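Shown next: start-v9.pdb, given as PDB, C-alpha atoms.
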MODEL        1
ATOM      1  CA  MET A   1     -14.657-102.160  32.244  1.00  0.00           C
ATOM      2  CA  ASN A   2     -15.996-102.603  35.745  1.00  0.00           C
ATOM      3  CA  PHE A   3     -16.185 -99.615  38.019  1.00  0.00           C
ATOM      4  CA  SER A   4     -16.159 -99.751  41.783  1.00  0.00           C
ATOM      5  CA  GLN A   5     -19.365 -98.713  43.408  1.00  0.00           C
ATOM      6  CA  GLN A   6     -19.548 -95.823  45.772  1.00  0.00           C
ATOM      7  CA  ARG A   7     -22.292 -94.301  47.706  1.00  0.00           C
ATOM      8  CA  ARG A   8     -24.122 -92.611  44.865  1.00  0.00           C
ATOM      9  CA  GLY A   9     -23.113 -94.756  41.917  1.00  0.00           C
ATOM     10  CA  TYR A  10     -19.788 -95.456  40.331  1.00  0.00           C
ATOM     11  CA  ASP A  11     -16.436 -94.013  41.292  1.00  0.00           C
ATOM     12  CA  LYS A  12     -16.212 -90.654  39.486  1.00  0.00           C
ATOM     13  CA  GLY A  13     -12.443 -90.838  39.162  1.00  0.00           C
ATOM     14  CA  GLN A  14     -12.584 -94.213  37.419  1.00  0.00           C
ATOM     15  CA  VAL A  15     -15.392 -93.087  35.097  1.00  0.00           C
ATOM     16  CA  GLU A  16     -13.602 -89.860  34.185  1.00  0.00           C
ATOM     17  CA  GLU A  17     -10.359 -91.776  33.582  1.00  0.00           C
ATOM     18  CA  TYR A  18     -12.219 -94.255  31.360  1.00  0.00           C
ATOM     19  CA  ILE A  19     -13.852 -91.413  29.405  1.00  0.00           C
ATOM     20  CA  LYS A  20     -10.442 -89.753  29.017  1.00  0.00           C
ATOM     21  CA  ILE A  21      -8.973 -92.996  27.684  1.00  0.00           C
ATOM     22  CA  LEU A  22     -11.853 -93.389  25.219  1.00  0.00           C
ATOM     23  CA  THR A  23     -11.569 -89.740  24.166  1.00  0.00           C
ATOM     24  CA  ASP A  24      -7.817 -90.061  23.609  1.00  0.00           C
ATOM     25  CA  LYS A  25      -8.342 -93.273  21.638  1.00  0.00           C
ATOM     26  CA  TYR A  26     -11.020 -91.670  19.429  1.00  0.00           C
ATOM     27  CA  GLU A  27      -8.958 -88.523  18.922  1.00  0.00           C
ATOM     28  CA  SER A  28      -5.915 -90.553  17.885  1.00  0.00           C
ATOM     29  CA  THR A  29      -8.124 -92.626  15.533  1.00  0.00           C
ATOM     30  CA  ILE A  30      -9.613 -89.445  14.070  1.00  0.00           C
ATOM     31  CA  LEU A  31      -6.122 -87.920  13.624  1.00  0.00           C
ATOM     32  CA  ALA A  32      -4.911 -91.104  11.946  1.00  0.00           C
ATOM     33  CA  LEU A  33      -7.942 -91.096   9.635  1.00  0.00           C
ATOM     34  CA  ARG A  34      -7.417 -87.393   8.792  1.00  0.00           C
ATOM     35  CA  ASP A  35      -3.762 -88.096   7.986  1.00  0.00           C
ATOM     36  CA  ARG A  36      -4.828 -91.002   5.788  1.00  0.00           C
ATOM     37  CA  ILE A  37      -7.446 -88.837   4.049  1.00  0.00           C
ATOM     38  CA  GLU A  38      -4.842 -86.110   3.448  1.00  0.00           C
ATOM     39  CA  GLY A  39      -2.382 -88.684   2.099  1.00  0.00           C
ATOM     40  CA  LEU A  40      -4.981 -90.234  -0.187  1.00  0.00           C
ATOM     41  CA  THR A  41      -6.129 -86.791  -1.362  1.00  0.00           C
ATOM     42  CA  LYS A  42      -2.546 -85.823  -2.184  1.00  0.00           C
ATOM     43  CA  GLU A  43      -1.982 -89.172  -3.927  1.00  0.00           C
ATOM     44  CA  ASN A  44      -5.211 -88.674  -5.912  1.00  0.00           C
ATOM     45  CA  HIS A  45      -4.098 -85.174  -6.917  1.00  0.00           C
ATOM     46  CA  ASP A  46      -0.676 -86.489  -7.980  1.00  0.00           C
ATOM     47  CA  MET A  47      -2.308 -89.298  -9.979  1.00  0.00           C
ATOM     48  CA  CYS A  48      -4.632 -86.817 -11.722  1.00  0.00           C
ATOM     49  CA  ASN A  49      -1.622 -84.684 -12.668  1.00  0.00           C
ATOM     50  CA  LYS A  50       0.177 -87.784 -13.971  1.00  0.00           C
ATOM     51  CA  VAL A  51      -2.882 -88.805 -16.034  1.00  0.00           C
ATOM     52  CA  ASN A  52      -3.073 -85.322 -17.547  1.00  0.00           C
ATOM     53  CA  GLU A  53       0.653 -85.403 -18.336  1.00  0.00           C
ATOM     54  CA  LEU A  54       0.295 -88.816 -19.990  1.00  0.00           C
ATOM     55  CA  LYS A  55      -2.672 -87.576 -22.022  1.00  0.00           C
ATOM     56  CA  ARG A  56      -0.582 -84.661 -23.295  1.00  0.00           C
ATOM     57  CA  GLU A  57       2.228 -87.063 -24.188  1.00  0.00           C
ATOM     58  CA  GLN A  58      -0.266 -89.365 -25.911  1.00  0.00           C
ATOM     59  CA  ASP A  59      -1.595 -86.474 -27.993  1.00  0.00           C
ATOM     60  CA  SER A  60       1.952 -85.523 -28.916  1.00  0.00           C
ATOM     61  CA  ILE A  61       2.808 -89.105 -29.879  1.00  0.00           C
ATOM     62  CA  ASN A  62      -0.398 -89.465 -31.907  1.00  0.00           C
ATOM     63  CA  LEU A  63       0.417 -86.274 -33.796  1.00  0.00           C
ATOM     64  CA  ALA A  64       3.984 -87.459 -34.461  1.00  0.00           C
ATOM     65  CA  LEU A  65       2.735 -90.848 -35.686  1.00  0.00           C
ATOM     66  CA  THR A  66       0.177 -89.241 -37.963  1.00  0.00           C
ATOM     67  CA  GLN A  67       2.813 -86.949 -39.441  1.00  0.00           C
ATOM     68  CA  ALA A  68       5.224 -89.882 -39.853  1.00  0.00           C
ATOM     69  CA  ILE A  69       2.574 -91.945 -41.650  1.00  0.00           C
ATOM     70  CA  ASP A  70       1.764 -89.043 -43.967  1.00  0.00           C
ATOM     71  CA  LYS A  71       5.462 -88.502 -44.682  1.00  0.00           C
ATOM     72  CA  ALA A  72       5.938 -92.234 -45.360  1.00  0.00           C
ATOM     73  CA  LYS A  73       3.023 -92.209 -47.807  1.00  0.00           C
ATOM     74  CA  ASN A  74       4.494 -89.188 -49.573  1.00  0.00           C
ATOM     75  CA  ILE A  75       7.904 -90.847 -49.777  1.00  0.00           C
ATOM     76  CA  GLU A  76       6.370 -94.079 -51.046  1.00  0.00           C
ATOM     77  CA  TYR A  77       4.340 -92.265 -53.697  1.00  0.00           C
ATOM     78  CA  SER A  78       7.336 -90.183 -54.730  1.00  0.00           C
ATOM     79  CA  SER A  79       9.561 -93.245 -55.052  1.00  0.00           C
ATOM     80  CA  LYS A  80       6.918 -95.056 -57.116  1.00  0.00           C
ATOM     81  CA  VAL A  81       6.668 -92.107 -59.460  1.00  0.00           C
ATOM     82  CA  LYS A  82      10.453 -91.873 -59.741  1.00  0.00           C
ATOM     83  CA  PHE A  83      10.779 -95.571 -60.512  1.00  0.00           C
ATOM     84  CA  ALA A  84       7.973 -95.363 -63.086  1.00  0.00           C
ATOM     85  CA  LEU A  85       9.681 -92.411 -64.737  1.00  0.00           C
ATOM     86  CA  GLU A  86      13.017 -94.206 -64.681  1.00  0.00           C
ATOM     87  CA  GLY A  87      11.353 -97.225 -66.283  1.00  0.00           C
ATOM     88  CA  GLU A  88       9.934 -95.001 -68.971  1.00  0.00           C
ATOM     89  CA  ARG A  89      13.338 -93.399 -69.527  1.00  0.00           C
ATOM     90  CA  ILE A  90      14.881 -96.846 -69.958  1.00  0.00           C
ATOM     91  CA  LYS A  91      12.126 -97.831 -72.419  1.00  0.00           C
ATOM     92  CA  ILE A  92      12.769 -94.695 -74.453  1.00  0.00           C
ATOM     93  CA  PHE A  93      16.480 -95.448 -74.375  1.00  0.00           C
ATOM     94  CA  SER A  94      15.725 -99.003 -75.505  1.00  0.00           C
ATOM     95  CA  SER A  95      13.520 -97.718 -78.300  1.00  0.00           C
ATOM     96  CA  LYS A  96      16.244 -95.344 -79.481  1.00  0.00           C
ATOM     97  CA  TRP A  97      18.788 -98.187 -79.517  1.00  0.00           C
ATOM     98  CA  GLN A  98      16.398-100.402 -81.435  1.00  0.00           C
ATOM     99  CA  SER A  99      15.819 -97.607 -83.958  1.00  0.00           C
ATOM    100  CA  TYR A 100      19.557 -97.029 -84.216  1.00  0.00           C
ATOM    101  CA  CYS A 101      20.173-100.726 -84.774  1.00  0.00           C
ATOM    102  CA  LYS A 102      17.463-100.908 -87.472  1.00  0.00           C
ATOM    103  CA  ALA A 103      18.803 -97.786 -89.176  1.00  0.00           C
ATOM    104  CA  ASN A 104      22.332 -99.169 -89.215  1.00  0.00           C
ATOM    105  CA  VAL A 105      21.427-102.691 -90.285  1.00  0.00           C
ATOM    106  CA  HIS A 106      24.003-102.570 -93.052  1.00  0.00           C
ATOM    107  CA  VAL A 107      26.772-101.827 -90.509  1.00  0.00           C
ATOM    108  CA  ILE A 108      25.639-104.179 -87.759  1.00  0.00           C
ATOM    109  CA  ASP A 109      25.192-107.861 -88.293  1.00  0.00           C
ATOM    110  CA  ARG A 110      21.497-108.876 -88.159  1.00  0.00           C
ATOM    111  CA  ALA A 111      22.210-111.479 -85.461  1.00  0.00           C
ATOM    112  CA  GLN A 112      24.008-108.883 -83.347  1.00  0.00           C
ATOM    113  CA  ARG A 113      21.141-106.474 -83.787  1.00  0.00           C
ATOM    114  CA  ASP A 114      18.546-109.096 -82.851  1.00  0.00           C
ATOM    115  CA  GLY A 115      20.673-110.089 -79.835  1.00  0.00           C
ATOM    116  CA  VAL A 116      20.890-106.468 -78.653  1.00  0.00           C
ATOM    117  CA  VAL A 117      17.145-105.963 -79.184  1.00  0.00           C
ATOM    118  CA  ALA A 118      16.346-109.192 -77.311  1.00  0.00           C
ATOM    119  CA  ARG A 119      18.653-108.265 -74.425  1.00  0.00           C
ATOM    120  CA  LEU A 120      17.120-104.779 -74.181  1.00  0.00           C
ATOM    121  CA  LYS A 121      13.663-106.372 -74.094  1.00  0.00           C
ATOM    122  CA  GLU A 122      14.833-108.742 -71.322  1.00  0.00           C
ATOM    123  CA  TYR A 123      16.121-105.792 -69.267  1.00  0.00           C
ATOM    124  CA  GLU A 124      12.877-103.945 -69.800  1.00  0.00           C
ATOM    125  CA  ASP A 125      10.833-106.976 -68.720  1.00  0.00           C
ATOM    126  CA  GLU A 126      13.042-107.575 -65.643  1.00  0.00           C
ATOM    127  CA  LEU A 127      12.756-103.951 -64.606  1.00  0.00           C
ATOM    128  CA  THR A 128       8.986-103.938 -65.067  1.00  0.00           C
ATOM    129  CA  GLU A 129       8.634-107.176 -63.078  1.00  0.00           C
ATOM    130  CA  LEU A 130      10.892-105.899 -60.301  1.00  0.00           C
ATOM    131  CA  MET A 131       9.047-102.601 -60.049  1.00  0.00           C
ATOM    132  CA  SER A 132       5.660-104.322 -60.079  1.00  0.00           C
ATOM    133  CA  LYS A 133       6.588-106.992 -57.542  1.00  0.00           C
ATOM    134  CA  GLU A 134       8.847-105.144 -55.113  1.00  0.00           C
ATOM    135  CA  LEU A 135       7.314-101.694 -55.218  1.00  0.00           C
ATOM    136  CA  ASN A 136       3.728-102.532 -56.161  1.00  0.00           C
ATOM    137  CA  ILE A 137       3.655 -99.913 -58.850  1.00  0.00           C
ATOM    138  CA  GLY A 138       1.899-101.821 -61.598  1.00  0.00           C
ATOM    139  CA  ASP A 139      -0.518 -98.933 -62.199  1.00  0.00           C
ATOM    140  CA  PHE A 140       2.347 -96.486 -62.632  1.00  0.00           C
ATOM    141  CA  VAL A 141       4.139 -98.846 -65.011  1.00  0.00           C
ATOM    142  CA  ASN A 142       0.978 -99.413 -67.080  1.00  0.00           C
ATOM    143  CA  GLU A 143       0.419 -95.672 -67.251  1.00  0.00           C
ATOM    144  CA  ALA A 144       4.057 -95.175 -68.232  1.00  0.00           C
ATOM    145  CA  ASP A 145       3.671 -97.906 -70.887  1.00  0.00           C
ATOM    146  CA  GLN A 146       0.680 -96.106 -72.370  1.00  0.00           C
ATOM    147  CA  ASP A 147       2.575 -92.830 -72.416  1.00  0.00           C
ATOM    148  CA  PHE A 148       5.598 -94.550 -73.952  1.00  0.00           C
ATOM    149  CA  TYR A 149       3.636 -96.224 -76.747  1.00  0.00           C
ATOM    150  CA  ALA A 150       1.724 -93.026 -77.467  1.00  0.00           C
ATOM    151  CA  GLU A 151       4.991 -91.100 -77.655  1.00  0.00           C
ATOM    152  CA  SER A 152       6.572 -93.838 -79.819  1.00  0.00           C
ATOM    153  CA  LYS A 153       3.682 -93.646 -82.292  1.00  0.00           C
ATOM    154  CA  ARG A 154       3.911 -89.899 -82.380  1.00  0.00           C
ATOM    155  CA  LEU A 155       7.660 -90.022 -83.044  1.00  0.00           C
ATOM    156  CA  LYS A 156       7.268 -92.638 -85.782  1.00  0.00           C
ATOM    157  CA  ARG A 157       4.787 -90.390 -87.603  1.00  0.00           C
ATOM    158  CA  ASN A 158       7.256 -87.519 -87.619  1.00  0.00           C
TER     159      ASN A 158
ENDMDL
END

For this file, write the structure as structure tokens.
Amino acid sequence: MNFSQQRRGYDKGQVEEYIKILTDKYESTILALRDRIEGLTKENHDMCNKVNELKREQDSINLALTQAIDKAKNIEYSSKVKFALEGERIKIFSSKWQSYCKANVHVIDRAQRDGVVARLKEYEDELTELMSKELNIGDFVNEADQDFYAESKRLKRN
């Protein structure tokens, strides 16, 4: 800005007016910057609260997932055991029928008996295959087989 010259320098009125304009401009800039700082500080505070809330939710979800996984493993194990036991029960039932058929050979035709025994064996094999393939319980079935054969031997001795 150009000031008019007076006897001892520049016009005081013009200089003071220019300084007032600059002061007002700086004050308004400073106020705007303070408002922006306050807004950003509040936004930062809100974001920190949101992050903390999300962390709490994450911890809660992680705990729920962990419990769900544990429960699923327990259910899976329980179902495998139940199916293995059911397989063993069917094998014992099959063994009893085979024994019954052998004991009553004079009443039952040999071909009928052999057909019943073969069909029972087919059912047993299908069940074992299904349990091994679908439920991945081969170890349980093998363990049940060992128990079954041990029990069969014990019963035959008696």

| CA of Arg89 in chain A to CA of Glu122 in chain A, distance in Å rounded to a single decimal | 15.5 Å

| task | Rounded to one decimal place, report the CA of Ala84 in chain A-CA of Arg119 in chain A distance in Å. | result | 20.2 Å

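Of note, CA of Gly87 in chain A and CA of Thr128 in chain A are spaced 7.2 Å apart.
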